[in-house]
Each structure stands twice: as C-alpha cells, then as structure tokens.
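Here's the structure, in structure tokens; my notes come after.
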Number of protein chains: 2
Amino acid sequence: MKVSELARRAGITPAAVRFYEAEGVLPAAPRKANGYREYTDDDLCRVRLVVAMRGLGLELSECGRLSALCRDGQCDVMEEQLLDRLGERRQAIAAARAELDHLDRELATLQGSMRSGKMLPLACCGPEGGATC
Amino acid sequence: MKVSELARRAGITPAAVRFYEAEGVLPAAPRKANGYREYTDDDLCRVRLVVAMRGLGLELSECGRLSALCRDGQCDVMEEQLLDRLGERRQAIAAARAELDHLDRELATLQGSMRSGKMLPLACCGPEGGATC
DNA sequence: CTTGACTTTACAGTAACTGCAAAGTTTAGG
DNA sequence: CCTAAACTTTGCAGTTACTGTAAAGTCAAG
C-alpha cells in the first residue's frame, strides 16, 4: 500500500508518517520504481504500535526506541520497558492533574475577586509595594 | 534597575525579559549610554502583570495585548477581557482534566492486562486483523 | 590590571508535527 | 491521446515560549 492508505489505516496523516521515517521512528520504507514508498501489513502494524504508544502520551523518541526493540524480536523486553513507562506516565498525569486543580482554584478565586469589583489582585504589584499598572 | 534585577524581582530570567521585548509583549526599554536596558518600578509592575497572566495559562500574545491595554490607560477594558479569558481557561482546564482522567484509566487498564501476562492489547493489530508485531 | 560578573546581539535548538511550494506520477474520463 | 484531479516526492518555513551558546563589550572590586 502507499503512504496515504497506510496513514489513513493507522489514524495519522501521510506527512506524519514521512516525519516518523525521517526521525528514525519508523524504518525507511522500500521504494517502488517511481520513488513511492511501499508498505506491507506488517508495516501498518508497526505504525499502529507507535500511534498507540503516542496516544498513551509517550514521547516520539521513546516510541521509536520501544518499537525498534519489538522489530528486533525483543518484544518481551519492550513490554517490560513499556510497563515502566506506563507507571511513570501515571505519576506524571497525577502531577499534572494536581497542577490543573490548583490552577483552577486560583482562576476561580480571581474570577470571584474581579467580579466583586476588587481591582486586579494579580501579583502585579508585589510585596515591595508598587506603582500603578 | 538593569535587566537582571528586573527579571529576578519579576520571577523570570533576563533572557525571557529580552524575549518578551523582542516579541513586543513588553515595550522597548530605554537604554543607558552603554547600551544597557534601564527599567523603572513601573516597568517591573508591567512585567509582573505579564508574568502573572502567563501563570494563569494565558498565551504570551494575549498577555501582551492585555498588558498593552492597561498601559494605554484602559485597565477597565483589560479587566473585562481578562475575565472572559479566565472563563475560557477554566473550560479548557476542565477539558484537559477530563482527558487526563480518561488517559489514566486507559493506562491503568493496560497496566492490568500487561501484568496479568496478556500480550499487547495495544490497538496495534486492528480490527482488520493483523500481522505479528 | 586583572578577574569575574555583568551586558549586548544573533542564532540554534527544543516537540511534534503542519503547511506550502515545486515538480513528477498515476488514474479516470472524454 | 489528452487533460485534470488526485496522488507522490523533496525541502523548508512556521508553530510556542523560551533556553543555551557564542562573541564581544562594560563595569566593579581587589
């Protein structure tokens, strides 16, 4: 199949597929006589793995590394490392959530102050006392 | 004061201050004879406003626009628009949180399947039936 | 007078793509 | 056979908000 079909079936754009190849995340596809990339179902499978890992929030380079392990017949090693990453991701997600919650509380408080007419409680004029904004 | 002191008192780096100026987020600072930027307490106040708005998650361009309004004596208009942005931000935060929650559930499920020995339930070999990864 | 701590500028790099331009290829229809 | 649409190729610029580096000038202390 050609790049557009591969991309469509993997759920990304042809440009992204070429980008992944350029970045070494996917192996360089063999070319037909006209220079077009030609893909097999196995290739599709590999792309899908990368897309799935990206969807889990892993960095592209990490997806490439893990996918390469799998291609080298070390799927078990890959699985092990993927499991590690999943744990790390969940920690990062928990942290991100806490941060969002904190920010939302700040925003709510600020909204409240502003709506009740108080002038900018933004830390604009700090503890040093300040000039007019 | 010089750029480092301004930056320190505003809670950012000197490089960020110069960047903000280059981007037009802050007005160009007047220079001393030696070419160094010279700032007043009012300038510090302006930078702090931008830093505060950035901390609320607003885009830099938006911070620049709002801060400029305030500089032009339209603090009231700025406040109004800021209030709008805060509402939008809170919506975006709620959406981001929902996404994080969803992702975390996915990760947890995947962790579970992998730990109990099931091979990659990643959508790697899709509904079309697939090759080996 | 030297050393260290500043300052200036400009430019490269980051993450993960998207969009564009220019040129060649294929495919369907007339 | 011709043409027009819909592909494909490459390379490069743009996105966001900076950070890091390099080269060069300035300033304060000892």
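A note on labels: chains of the structure tokens are A, B, ... as shown, every chain counts residues from 1, and ligands are counted from 1 in their shown order.
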
- Query: Using the chain letters and numbers from this document, which residues of stretch 46-128 of chain B does DSSP assign to helix (DSSP H, G or I), as a PyMOL selection string?
  - Reply: chain B and resi 46-55+60-71+75-115

- Would you give me, as a PyMOL selection string, the residues of chain A that come within 12 Å of chain D, using only C-alpha atoms (C1' of nucleotides)? chain A and resi 2-5+14-15+18+22+31-32+34-38

Could I get the residues of stretch 18-75 of chain A with an atom no further than 10 Å from an atom of stretch 80-93 of chain A, each paired with its nearest atom pair and that distance in Å to one decimal, using only C-alpha atoms, sorted by chain and residue number, as a tab-separated table?
residue	atom	partner	partner_atom	distance
A:Met53	CA	A:Leu82	CA	8.8
A:Leu56	CA	A:Leu86	CA	8.1
A:Gly57	CA	A:Arg89	CA	7.3
A:Leu58	CA	A:Arg85	CA	7.7
A:Glu62	CA	A:Arg85	CA	9.2
A:Cys63	CA	A:Leu82	CA	9.2
A:Leu66	CA	A:Leu82	CA	7.4
A:Leu69	CA	A:Gln81	CA	9.9
A:Cys75	CA	A:Glu80	CA	8.6

- Query: Near chain A, which residues of chain B fall within 9 Å when you count only C-alpha atoms, and what do they look like as a PyMOL selection string?
  - Reply: chain B and resi 9-10+41-53+55-57+67+70-71+73+75+79-80+83+86-87+89-90+93-94+96-97+100-101+103-104+106-108+110-111+114-115+119-120+122-126+130-133

List every residue of chain A that has an atom at most 8 Å from any atom of chain C, and for each one report the closest atom pair and its distance in Å to one decimal, counting only C-alpha atoms (C1' of nucleotides), with rows sorted by chain and then by increasing residue number, as a Markdown table.
| residue | atom | partner | partner_atom | distance |
| --- | --- | --- | --- | --- |
| A:Ala16 | CA | C:DC17 | C1' | 6.8 |
| A:Phe19 | CA | C:DC17 | C1' | 7.8 |
| A:Asn34 | CA | C:DT25 | C1' | 7.4 |
| A:Leu60 | CA | C:DA16 | C1' | 7.9 |
